[in-house]
$ cat run37.cif   # mmCIF, C-alpha atoms
data_protein
loop_
_atom_site.label_atom_id
_atom_site.label_comp_id
_atom_site.auth_asym_id
_atom_site.auth_seq_id
_atom_site.Cartn_x
_atom_site.Cartn_y
_atom_site.Cartn_z
CA MET L 1 -5.67 -21.77 -42.53
CA VAL L 2 -3.56 -19.50 -40.33
CA ALA L 3 -0.16 -18.23 -41.43
CA VAL L 4 2.22 -17.97 -38.49
CA LEU L 5 4.69 -15.09 -38.62
CA PRO L 6 8.33 -15.75 -37.63
CA ARG L 7 9.15 -14.66 -34.09
CA GLY L 8 11.14 -11.63 -35.23
CA ALA L 9 8.28 -10.54 -37.48
CA GLN L 10 5.80 -11.04 -34.64
CA GLU L 11 7.81 -8.75 -32.35
CA ALA L 12 8.23 -6.16 -35.08
CA ALA L 13 4.52 -6.30 -35.89
CA ILE L 14 3.67 -5.65 -32.26
CA ASP L 15 6.41 -3.16 -31.37
CA GLY L 16 5.84 -0.99 -34.43
CA PRO L 17 2.19 -0.17 -33.65
CA THR L 18 3.07 0.11 -29.98
CA ARG L 19 5.71 2.76 -30.57
CA ALA L 20 3.38 4.64 -32.90
CA ALA L 21 0.59 4.56 -30.33
CA GLU L 22 2.90 5.69 -27.55
CA LEU L 23 4.06 8.61 -29.72
CA ALA L 24 0.41 9.49 -30.33
CA ALA L 25 -0.16 9.50 -26.57
CA GLN L 26 2.77 11.81 -25.99
CA ARG L 27 1.49 14.20 -28.66
CA ALA L 28 -2.03 14.03 -27.25
CA ARG L 29 -0.77 15.59 -24.04
CA VAL L 30 -0.39 18.89 -25.91
CA GLY L 31 -3.59 20.79 -26.47
CA VAL L 32 -6.04 18.44 -24.76
CA ASN L 33 -9.15 20.51 -24.10
CA GLY L 34 -9.93 19.87 -20.42
CA PRO L 35 -11.00 16.59 -18.74
CA ASP L 36 -13.64 15.79 -21.37
CA GLY L 37 -11.13 16.23 -24.16
CA ALA L 38 -8.64 14.13 -22.25
CA VAL L 39 -11.17 11.30 -21.98
CA LYS L 40 -11.78 11.42 -25.72
CA ALA L 41 -8.05 11.52 -26.43
CA ALA L 42 -7.39 8.53 -24.15
CA ARG L 43 -10.12 6.47 -25.77
CA ARG L 44 -8.98 7.48 -29.23
CA PHE L 45 -5.44 6.43 -28.34
CA GLU L 46 -6.69 3.02 -27.22
CA ALA L 47 -8.81 2.69 -30.35
CA VAL L 48 -5.77 3.41 -32.57
CA LEU L 49 -3.72 0.77 -30.80
CA LEU L 50 -6.56 -1.77 -30.96
CA GLN L 51 -7.04 -1.10 -34.67
CA GLN L 52 -3.34 -1.66 -35.32
CA MET L 53 -3.39 -4.88 -33.32
CA ILE L 54 -6.45 -6.13 -35.23
CA GLN L 55 -4.69 -5.37 -38.51
CA VAL L 56 -1.59 -7.24 -37.37
CA LEU L 57 -3.71 -10.25 -36.44
CA ARG L 58 -5.53 -10.10 -39.75
CA LYS L 59 -2.21 -10.41 -41.61
CA THR L 60 -1.68 -13.82 -39.99
CA THR L 61 -4.77 -15.20 -41.77
CA ASP L 62 -5.60 -15.82 -45.43
CA ALA L 63 -8.64 -13.50 -45.19
CA GLY L 64 -7.79 -9.82 -45.50
CA GLY L 65 -4.11 -10.44 -46.20
CA GLU L 66 -1.95 -8.65 -48.71
CA GLU L 67 -3.57 -10.58 -51.57
CA ALA L 68 -6.99 -9.04 -50.90
CA SER L 69 -8.26 -6.51 -53.43
CA GLY L 70 -7.90 -2.80 -52.82
CA ALA L 71 -11.64 -2.44 -52.24
CA SER L 72 -11.65 -5.33 -49.79
CA GLN L 73 -8.71 -3.90 -47.89
CA GLN L 74 -10.41 -0.52 -47.66
CA TYR L 75 -13.61 -2.13 -46.37
CA LEU L 76 -11.73 -4.21 -43.82
CA SER L 77 -9.78 -1.15 -42.69
CA MET L 78 -13.04 0.72 -42.08
CA PHE L 79 -14.44 -2.32 -40.28
CA ASP L 80 -11.32 -2.58 -38.09
CA GLU L 81 -11.51 1.12 -37.22
CA THR L 82 -15.18 0.91 -36.22
CA LEU L 83 -14.62 -2.28 -34.24
CA ALA L 84 -11.66 -0.74 -32.40
CA GLU L 85 -13.66 2.39 -31.52
CA ARG L 86 -16.55 0.31 -30.15
CA LEU L 87 -14.15 -1.84 -28.13
CA ALA L 88 -12.44 1.25 -26.68
CA ASP L 89 -15.78 2.89 -25.80
CA GLY L 90 -16.86 -0.32 -24.07
CA GLY L 91 -13.80 -0.45 -21.82
CA GLY L 92 -11.38 -2.09 -24.22
CA ILE L 93 -8.30 -3.59 -22.61
CA GLY L 94 -8.13 -0.86 -19.95
CA LEU L 95 -5.46 1.19 -21.69
CA ALA L 96 -7.53 4.40 -21.65
CA ARG L 97 -7.58 4.11 -17.85
CA VAL L 98 -3.77 4.03 -17.95
CA ILE L 99 -3.27 6.92 -20.34
CA GLY L 100 -6.22 9.11 -19.32
CA PRO L 101 -4.93 10.46 -15.99
CA ALA L 102 -1.65 11.44 -17.66
CA LEU L 103 -3.69 13.60 -20.04
CA GLY L 104 -5.72 15.18 -17.24
CA ALA L 105 -8.84 12.98 -17.49
CA ASP L 106 -11.07 12.25 -14.52
CA PRO L 107 -10.62 8.51 -13.72
CA ALA L 108 -14.34 8.27 -12.88
CA GLN L 109 -15.18 9.09 -16.51
CA LEU L 110 -12.96 6.24 -17.66
CA GLY L 111 -14.65 3.61 -15.54
CA GLY L 112 -12.61 3.59 -12.34
CA ALA L 113 -9.36 4.54 -10.66
CA PRO L 114 -6.26 4.68 -12.88
CA MET L 115 -4.21 1.49 -13.02
CA ILE L 116 -0.95 3.30 -13.77
CA THR L 117 -0.36 6.94 -13.01
CA PRO L 118 2.24 9.51 -14.02
CA GLY L 119 5.07 10.21 -11.63
CA ARG L 120 5.07 13.24 -9.37
CA GLY L 121 7.35 15.01 -11.81
CA GLY L 122 4.64 15.02 -14.50
CA GLY L 123 4.57 13.41 -17.91
CA LEU L 124 3.71 9.85 -18.77
CA SER L 125 4.99 7.20 -16.42
CA PRO L 126 8.10 5.32 -17.58
CA LEU L 127 5.93 2.21 -17.27
CA VAL L 128 4.46 3.02 -20.67
CA THR L 129 7.74 1.93 -22.25
CA GLU L 130 7.59 -1.59 -20.79
CA PRO L 131 7.09 -4.54 -23.18
CA LEU L 132 3.55 -4.83 -24.47
CA ALA L 133 3.02 -8.32 -23.05
CA ALA L 134 4.03 -7.16 -19.57
CA ARG L 135 1.65 -4.23 -19.74
CA PHE L 136 -1.26 -6.38 -20.84
CA ALA L 137 -0.51 -8.87 -18.05
CA ALA L 138 -0.52 -6.04 -15.52
CA MET L 139 -3.82 -4.70 -16.84
CA ARG L 140 -5.36 -8.12 -16.45
CA GLN L 141 -4.05 -8.77 -12.96
CA PRO L 142 -6.43 -11.26 -11.32
CA SER L 143 -9.22 -9.97 -9.11
CA ALA L 144 -9.84 -11.15 -5.57
CA SER L 145 -12.00 -13.99 -6.81
CA ALA L 146 -9.34 -15.37 -9.14
CA ALA L 147 -7.43 -18.46 -8.15
CA THR L 148 -3.95 -17.44 -9.37
CA TYR L 149 -1.61 -14.68 -8.22
CA THR L 150 2.02 -14.36 -9.17
CA GLY L 151 5.04 -12.37 -8.08
CA ALA L 152 6.35 -11.52 -4.64
CA SER L 153 2.96 -10.15 -3.64
CA GLY L 154 1.12 -13.24 -4.89
CA ALA L 155 1.33 -15.27 -1.67
CA LEU L 156 0.12 -12.27 0.33
CA SER L 157 -2.85 -11.78 -2.00
CA VAL L 158 -3.75 -15.47 -1.83
CA ALA L 159 -3.65 -15.46 1.98
CA ALA L 160 -5.80 -12.33 2.23
CA ALA L 161 -8.30 -13.65 -0.33
CA GLN L 162 -8.65 -16.94 1.54
CA MET L 163 -9.08 -15.19 4.89
CA SER L 164 -11.86 -12.98 3.50
CA ALA L 165 -13.74 -15.73 1.65
CA GLY L 166 -17.10 -17.16 2.74
CA ASP L 167 -18.03 -17.37 6.42
CA ALA L 168 -14.45 -16.60 7.50
CA ALA L 169 -14.93 -12.97 6.44
CA GLN L 170 -17.36 -12.37 9.32
CA HIS L 171 -14.86 -13.59 11.91
CA TRP L 172 -12.90 -10.42 11.21
CA SER L 173 -15.83 -8.09 11.81
CA ARG L 174 -15.94 -5.99 14.95
CA ALA L 175 -18.59 -8.26 16.46
CA GLY L 176 -16.85 -11.44 15.32
CA ALA L 177 -14.76 -13.71 17.53
CA LEU L 178 -11.54 -15.17 16.19
CA THR L 179 -10.49 -18.77 16.75
CA PRO L 180 -7.04 -20.41 16.78
CA GLN L 181 -7.73 -21.30 13.14
CA ASP L 182 -8.07 -17.60 12.27
CA LEU L 183 -4.97 -16.51 14.16
CA ALA L 184 -3.06 -19.69 13.46
CA SER L 185 0.40 -18.84 14.80
CA THR L 186 1.83 -21.47 17.14
CA PHE L 187 4.55 -19.14 18.38
CA SER L 188 5.34 -19.48 22.11
CA THR L 189 8.18 -18.86 24.54
CA PRO L 190 8.93 -20.07 28.09
CA THR L 191 8.25 -17.71 30.97
CA ALA L 192 10.43 -17.01 33.97
CA ASP L 193 8.06 -18.96 36.25
CA GLY L 194 8.24 -22.10 34.13
CA GLY L 195 5.04 -21.43 32.19
CA VAL L 196 4.33 -20.81 28.53
CA ALA L 197 3.65 -17.53 26.76
CA ALA L 198 1.71 -18.43 23.62
CA PHE L 199 0.34 -16.36 20.76
CA ASN L 200 -2.98 -15.44 22.29
CA VAL L 201 -6.44 -15.85 20.89
CA ARG L 202 -8.49 -17.32 23.73
CA ASP L 203 -6.66 -15.17 26.28
CA ALA L 204 -8.06 -12.16 24.41
CA ASN L 205 -11.56 -13.70 24.04
CA GLY L 206 -11.08 -13.85 20.29
CA PHE L 207 -10.86 -10.04 20.28
CA GLU L 208 -14.64 -9.94 20.12
CA GLY L 209 -15.95 -6.38 20.09
CA PHE L 210 -12.67 -4.94 18.75
CA TYR L 211 -11.58 -3.78 15.31
CA LYS L 212 -9.31 -6.43 13.81
CA CYS L 213 -7.66 -4.69 10.86
CA ASN L 214 -4.15 -5.10 12.29
CA LEU L 215 -4.77 -8.75 13.15
CA PHE L 216 -6.02 -9.43 9.63
CA ALA L 217 -3.16 -7.66 7.83
CA LEU L 218 -0.38 -9.14 9.93
CA GLU L 219 -1.88 -12.64 9.97
CA ALA L 220 -2.11 -12.54 6.16
CA ALA L 221 1.54 -11.53 6.03
CA ARG L 222 2.51 -14.36 8.41
CA ARG L 223 0.59 -16.95 6.39
CA ALA L 224 2.32 -15.73 3.26
CA GLY L 225 5.69 -16.40 4.89
CA TYR L 226 6.68 -12.81 5.62
CA ALA L 227 8.14 -11.60 8.90
CA VAL L 228 5.62 -10.11 11.33
CA PRO L 229 6.04 -8.34 14.68
CA VAL L 230 4.77 -9.83 17.93
CA GLN L 231 4.81 -8.07 21.27
CA ALA L 232 4.08 -8.94 24.87
CA ARG L 233 0.45 -8.53 25.89
CA ALA L 234 -1.20 -8.86 29.27
CA GLN L 235 -1.22 -12.60 28.61
CA GLY L 236 1.06 -14.13 26.00
CA TRP L 237 2.09 -12.69 22.65
CA GLY L 238 0.05 -10.71 20.14
CA TYR L 239 0.24 -8.41 17.12
CA PRO L 240 0.76 -4.66 17.70
CA ASN L 241 -2.06 -2.22 16.95
CA PRO L 242 -1.94 0.20 13.99
CA ASP L 243 -0.89 3.19 16.10
CA GLY L 244 1.99 1.18 17.54
CA VAL L 245 3.16 0.16 14.07
CA VAL L 246 3.03 3.78 12.84
CA ARG L 247 4.90 5.08 15.89
CA ASP L 248 7.57 2.45 15.31
CA ALA L 249 7.86 3.49 11.66
CA GLY L 250 8.06 7.19 12.46
CA ASP L 251 11.87 7.34 12.31
CA GLY L 252 12.00 5.43 9.02
CA ARG L 253 12.94 2.08 10.53
CA LEU L 254 11.02 -0.67 12.31
CA ARG L 255 12.28 -2.45 15.40
CA GLU L 256 14.04 -5.70 14.53
CA ASP L 257 13.66 -4.77 10.84
CA TRP L 258 10.68 -7.07 10.33
CA ALA L 259 9.71 -4.84 7.35
CA ARG L 260 11.05 -1.77 5.55
CA VAL L 261 9.48 1.68 5.70
CA VAL L 262 9.22 2.72 2.03
CA THR L 263 6.75 5.60 2.38
CA GLY L 264 9.22 8.16 1.10
CA GLU L 265 10.20 6.33 -2.08
CA GLY L 266 7.68 8.33 -4.09
CA GLU L 267 4.69 7.46 -6.20
CA ALA L 268 6.41 6.10 -9.32
CA PRO L 269 8.41 3.23 -7.74
CA LEU L 270 5.53 2.20 -5.47
CA VAL L 271 3.08 2.09 -8.39
CA ALA L 272 5.61 0.28 -10.58
CA SER L 273 6.18 -2.37 -7.92
CA GLY L 274 2.46 -3.06 -7.81
CA VAL L 275 2.33 -3.50 -11.57
CA ARG L 276 5.28 -5.89 -11.55
CA GLY L 277 4.17 -7.66 -8.37
CA ASP L 278 7.77 -7.95 -7.20
CA ARG L 279 7.20 -6.53 -3.69
CA ALA L 280 4.57 -7.07 -1.00
CA PHE L 281 3.14 -4.13 0.98
CA VAL L 282 0.86 -3.44 3.91
CA LEU L 283 -0.43 -0.02 4.90
CA ALA L 284 -0.58 1.34 8.44
CA GLY L 285 -2.37 4.53 9.46
CA SER L 286 -2.48 6.10 12.90
CA GLY L 287 -5.66 7.43 14.48
CA SER L 288 -6.51 11.12 14.65
CA ASP L 289 -9.42 13.38 15.58
CA GLY L 290 -11.39 10.58 17.19
CA HIS L 291 -10.70 8.13 14.36
CA ALA L 292 -9.07 4.78 15.10
CA GLY L 293 -5.89 3.67 13.36
CA HIS L 294 -6.10 1.24 10.47
CA MET L 295 -4.14 -1.40 8.53
CA ALA L 296 -4.63 -3.01 5.13
CA VAL L 297 -3.13 -5.62 2.82
CA VAL L 298 -2.09 -4.09 -0.51
CA GLU L 299 -2.72 -5.79 -3.83
CA ARG L 300 -1.43 -2.83 -5.84
CA ILE L 301 -1.01 0.92 -5.40
CA HIS L 302 -2.56 3.34 -7.90
CA THR L 303 -1.65 6.83 -6.72
CA VAL L 304 0.17 8.48 -3.81
CA ASP L 305 -0.16 12.19 -3.00
CA TYR L 306 2.45 13.78 -0.75
CA ASP L 307 2.44 17.08 1.11
CA ALA L 308 5.29 19.59 1.01
CA GLU L 309 7.09 17.74 3.82
CA GLY L 310 6.96 14.39 2.02
CA HIS L 311 4.20 12.85 4.14
CA VAL L 312 1.48 10.81 2.45
CA GLN L 313 -1.76 12.75 2.54
CA ARG L 314 -3.75 10.50 0.19
CA ILE L 315 -3.22 7.03 -1.26
CA VAL L 316 -5.39 4.97 -3.64
CA PHE L 317 -4.95 1.21 -3.79
CA ASP L 318 -6.58 -2.18 -4.31
CA GLY L 319 -6.38 -4.62 -1.43
CA TRP L 320 -8.04 -6.18 1.58
CA GLU L 321 -9.19 -4.79 4.93
CA ALA L 322 -10.90 -6.13 8.02
CA ARG L 323 -13.65 -3.56 8.54
CA ALA L 324 -16.46 -3.30 11.06
CA THR L 325 -18.64 -5.53 8.85
CA GLY L 326 -15.92 -8.10 8.10
CA ALA L 327 -12.95 -8.71 5.82
CA GLN L 328 -13.34 -7.74 2.20
CA HIS L 329 -11.52 -6.96 -1.03
CA LEU L 330 -11.64 -3.30 -2.10
CA GLU L 331 -10.80 -1.70 -5.44
CA GLY L 332 -9.85 1.95 -5.73
CA ARG L 333 -9.77 2.24 -1.94
CA VAL L 334 -8.78 5.72 -0.73
CA TRP L 335 -7.06 6.58 2.54
CA SER L 336 -6.57 10.23 3.44
CA ARG L 337 -5.06 12.11 6.35
CA ALA L 338 -7.01 14.41 8.62
CA GLY L 339 -7.75 17.69 6.87
CA HIS L 340 -7.85 16.13 3.41
CA PRO L 341 -11.23 14.39 3.30
CA THR L 342 -12.34 12.47 0.21
CA PRO L 343 -15.94 11.23 -0.24
CA GLY L 344 -16.17 7.52 0.46
CA ALA L 345 -12.59 7.34 1.71
CA ARG L 346 -11.07 6.16 4.99
CA ASN L 347 -10.52 9.69 6.26
CA GLY L 348 -9.09 11.20 9.40
CA LEU L 349 -5.82 9.28 9.65
CA GLY L 350 -2.95 11.01 11.38
CA GLN L 351 -0.03 9.47 9.53
CA ILE L 352 0.10 6.89 6.73
CA GLU L 353 3.05 4.55 6.26
CA VAL L 354 3.78 2.11 3.43
CA LEU L 355 5.63 -0.98 4.66
CA GLU L 356 7.43 -3.45 2.41
CA LEU L 357 7.30 -6.92 3.91
CA ALA L 358 10.47 -9.01 4.21
CA ARG L 359 11.14 -12.72 4.47
CA PRO L 360 12.48 -13.94 7.82
CA ALA L 361 16.11 -14.98 8.09
CA ALA L 362 16.99 -18.53 7.11
CA GLY L 363 15.99 -21.00 9.81
CA GLU L 364 13.77 -18.54 11.65
CA GLY L 365 9.99 -18.37 11.84
CA PRO L 366 8.00 -15.33 10.71
CA GLU L 367 7.20 -14.11 14.25
CA THR L 368 9.66 -11.39 15.28
CA PRO L 369 9.44 -10.29 18.95
CA THR L 370 9.72 -6.50 19.24
CA SER L 371 9.36 -6.29 23.02
CA GLY L 372 10.68 -8.03 26.11
CA ARG L 373 9.59 -11.41 27.45
CA ALA L 374 5.83 -12.02 27.45
CA PRO L 375 3.91 -13.16 30.56
CA ARG L 376 2.28 -16.56 30.97
CA SER L 377 -0.81 -17.43 28.95
CA ALA L 378 -3.81 -18.30 31.09
CA LEU L 379 -6.02 -20.06 28.54
CA ASP L 380 -4.31 -20.24 25.20
CA ARG L 381 -1.78 -23.01 25.74
CA ARG L 382 -0.77 -24.76 22.53
#

$ encode --input "run37.cif" --output "structure tokens"
Amino acid sequence: MVAVLPRGAQEAAIDGPTRAAELAAQRARVGVNGPDGAVKAARRFEAVLLQQMIQVLRKTTDAGGEEASGASQQYLSMFDETLAERLADGGGIGLARVIGPALGADPAQLGGAPMITPGRGGGLSPLVTEPLAARFAAMRQPSASAATYTGASGALSVAAAQMSAGDAAQHWSRAGALTPQDLASTFSTPTADGGVAAFNVRDANGFEGFYKCNLFALEAARRAGYAVPVQARAQGWGYPNPDGVVRDAGDGRLREDWARVVTGEGEAPLVASGVRGDRAFVLAGSGSDGHAGHMAVVERIHTVDYDAEGHVQRIVFDGWEARATGAQHLEGRVWSRAGHPTPGARNGLGQIEVLELARPAAGEGPETPTSGRAPRSALDRR
């Protein structure tokens, strides 16, 4: 038989241990002995919270309740402590990965990149004070293989996941050839000579032999219902390349305002938005030192490092990219500017911009022309 606590008691039972654990985390910041000590402190913090949660849950059952003998309660307390420590050491609910970087721990020792990071001003992120349920939901955000995504970024994640699933992933490789089903826009305009300028796929031979990161990112945004830029090509309309997007964003505003440049907002709000899922982002990086430009769909942002002038020099995120081998989901993906190489990262970018996608105006389609009239399409007439 399970005894159900009243709602007020439930919230008190959860919030009490939560506040105590958060206080323990704040205190743990003082005197942590290097990265190894920080790892131990983070795991201990998670173990304390897990133990308190287990004890709260135990009070809702007949077994181990307040009527149990003193010896039984002591035994169960020891059992709960051991269980919590084993759960934390095995990865737990991911809370050590949240707290660890704020204490100076190496994320690699905690099993991956941090999910939530402290702001640039130091100290624990304000996100730690969010309701417990919201934090747990953020920690368990679905992976690329999951069927459900929520929030403003959900539709973008769904579109990118579908486009990178199965055989379709190879269409976005450098050697792949895209079809009208891959670039599915039906956007077209009349030409001065009475012809039609369509969104080109066949006119560009499916872009076979070219990197398709910009096509993938912007097509995912279009499918998700966000505004996307289209510009005149040699034949018909097409998406701009990464370098063109970055040049356009250089003054802090994009032509026709199809998206907002939010690069300079700082790490804390960008990370927080990813946790809440209330905004949708794509990344654009310009080429440098022989490297090509690049674009990516963002699932969530983990960390952003800025230089003294406020330019992004390194960003860590989860998301999707069309790479030379095809489209794929990436966790803990690192982009870095030229001169700041990171092993395993997408290095050598000249400038990195974070773009917040926007919905098109009422009654308008997602395609937003950012150049003059496009010429006639030779093959791709739809």

$ closest_atom_pairs --input "run37.cif" --of "region 285-348 of chain L" --to "region 235-248 of chain L" --cutoff "8 Å" --atoms "all atoms listed in the file" --output "CSV"
residue,atom,partner,partner_atom,distance
L:Gly285,CA,L:Pro242,CA,6.3
L:Ser286,CA,L:Asp243,CA,4.6
L:Gly287,CA,L:Asp243,CA,6.6
L:Gly293,CA,L:Pro242,CA,5.3
L:His294,CA,L:Pro242,CA,5.5
L:Met295,CA,L:Pro242,CA,6.1

$ resolve_selection --input "run37.cif" --expression "the PyMOL selection byres ((chain L and resi 307-311) around 9)" --output "ChimeraX atom specification"
/L:263-264,266,305-306,312-313,351-353

$ closest_atom_pairs --input "run37.cif" --of "region 296-373 of chain L" --to "region 157-174 of chain L" --cutoff "7 Å" --atoms "all atoms listed in the file" --output "CSV"
residue,atom,partner,partner_atom,distance
L:Glu299,CA,L:Ser157,CA,6.3
L:Trp320,CA,L:Ala160,CA,6.6
L:Ala322,CA,L:Trp172,CA,5.7
L:Arg323,CA,L:Ser173,CA,6.0
L:Ala324,CA,L:Arg174,CA,4.8
L:Thr325,CA,L:Ser173,CA,4.8
L:Gly326,CA,L:Ser173,CA,3.7
L:Ala327,CA,L:Ala169,CA,4.7
L:Gln328,CA,L:Ser164,CA,5.6

$ residues_around --input "run37.cif" --residues "Thr342 (chain L)" --least-positions-apart "5" --cutoff "12 Å" --atoms "all atoms listed in the file" --output "list in words"
Gln313, Arg314, Ile315, Val316, Arg333, Val334, Trp335, Ser336, Arg337, Asn347, Gly348 and Leu349 of chain L

$ resolve_selection --input "run37.cif" --expression "the PyMOL selection byres ((chain L and resi 296) around 8)" --output "JSON, numbers by chain"
{"L": [213, 214, 216, 217, 282, 283, 284, 294, 295, 297, 298, 319, 320, 321, 322]}

$ residues_around --input "run37.cif" --residues "Gly365 (chain L)" --least-positions-apart "2" --cutoff "10 Å" --atoms "all atoms listed in the file" --output "list in words"
Phe187, Arg222, Gly225, Tyr226, Ala227, Val228, Arg359, Pro360, Ala361, Ala362, Gly363, Glu367 and Thr368 of chain L

$ write_last_selection --input "run37.cif" --atoms "C-alpha atoms" --output "mmCIF file, in the frame of the given file"
data_model
loop_
_atom_site.group_PDB
_atom_site.id
_atom_site.type_symbol
_atom_site.label_atom_id
_atom_site.label_comp_id
_atom_site.auth_asym_id
_atom_site.auth_seq_id
_atom_site.Cartn_x
_atom_site.Cartn_y
_atom_site.Cartn_z
ATOM 1 C CA PHE L 187 4.550 -19.140 18.380
ATOM 2 C CA ARG L 222 2.510 -14.360 8.410
ATOM 3 C CA GLY L 225 5.690 -16.400 4.890
ATOM 4 C CA TYR L 226 6.680 -12.810 5.620
ATOM 5 C CA ALA L 227 8.140 -11.600 8.900
ATOM 6 C CA VAL L 228 5.620 -10.110 11.330
ATOM 7 C CA ARG L 359 11.140 -12.720 4.470
ATOM 8 C CA PRO L 360 12.480 -13.940 7.820
ATOM 9 C CA ALA L 361 16.110 -14.980 8.090
ATOM 10 C CA ALA L 362 16.990 -18.530 7.110
ATOM 11 C CA GLY L 363 15.990 -21.000 9.810
ATOM 12 C CA GLU L 367 7.200 -14.110 14.250
ATOM 13 C CA THR L 368 9.660 -11.390 15.280
#

$ closest_residue --input "run37.cif" --among "L:Glu219, L:Asp89, L:Asp278, L:Asp318" --to "Ala41 (chain L)" --atoms "only C-alpha atoms"
L:Asp89

$ atom_distance --input "run37.cif" --atom1 "CA of Ala155 (chain L)" --atom2 "CA of Asp182 (chain L)"
17.0 Å

$ resolve_selection --input "run37.cif" --expression "the PyMOL selection byres ((chain L and resi 208-210) around 8)" --output "mmCIF file with C-alpha atoms, in the frame of the given file"
data_model
loop_
_atom_site.group_PDB
_atom_site.id
_atom_site.type_symbol
_atom_site.label_atom_id
_atom_site.label_comp_id
_atom_site.auth_asym_id
_atom_site.auth_seq_id
_atom_site.Cartn_x
_atom_site.Cartn_y
_atom_site.Cartn_z
ATOM 1 C CA ARG L 174 -15.940 -5.990 14.950
ATOM 2 C CA ALA L 175 -18.590 -8.260 16.460
ATOM 3 C CA GLY L 176 -16.850 -11.440 15.320
ATOM 4 C CA ALA L 177 -14.760 -13.710 17.530
ATOM 5 C CA LEU L 178 -11.540 -15.170 16.190
ATOM 6 C CA ASN L 205 -11.560 -13.700 24.040
ATOM 7 C CA GLY L 206 -11.080 -13.850 20.290
ATOM 8 C CA PHE L 207 -10.860 -10.040 20.280
ATOM 9 C CA TYR L 211 -11.580 -3.780 15.310
ATOM 10 C CA LYS L 212 -9.310 -6.430 13.810
#

$ closest_residue --input "run37.cif" --among "L:Ile301, L:Leu357, L:Val48, L:Ala184" --to "Gly332 (chain L)" --atoms "only C-alpha atoms"
L:Ile301

$ closest_residue --input "run37.cif" --among "L:Ala280, L:Ala88, L:Val261, L:Arg255" --to "Ala42 (chain L)" --atoms "only C-alpha atoms"
L:Ala88

$ atom_distance --input "run37.cif" --atom1 "CA of Val196 (chain L)" --atom2 "CA of Arg376 (chain L)"
5.3 Å
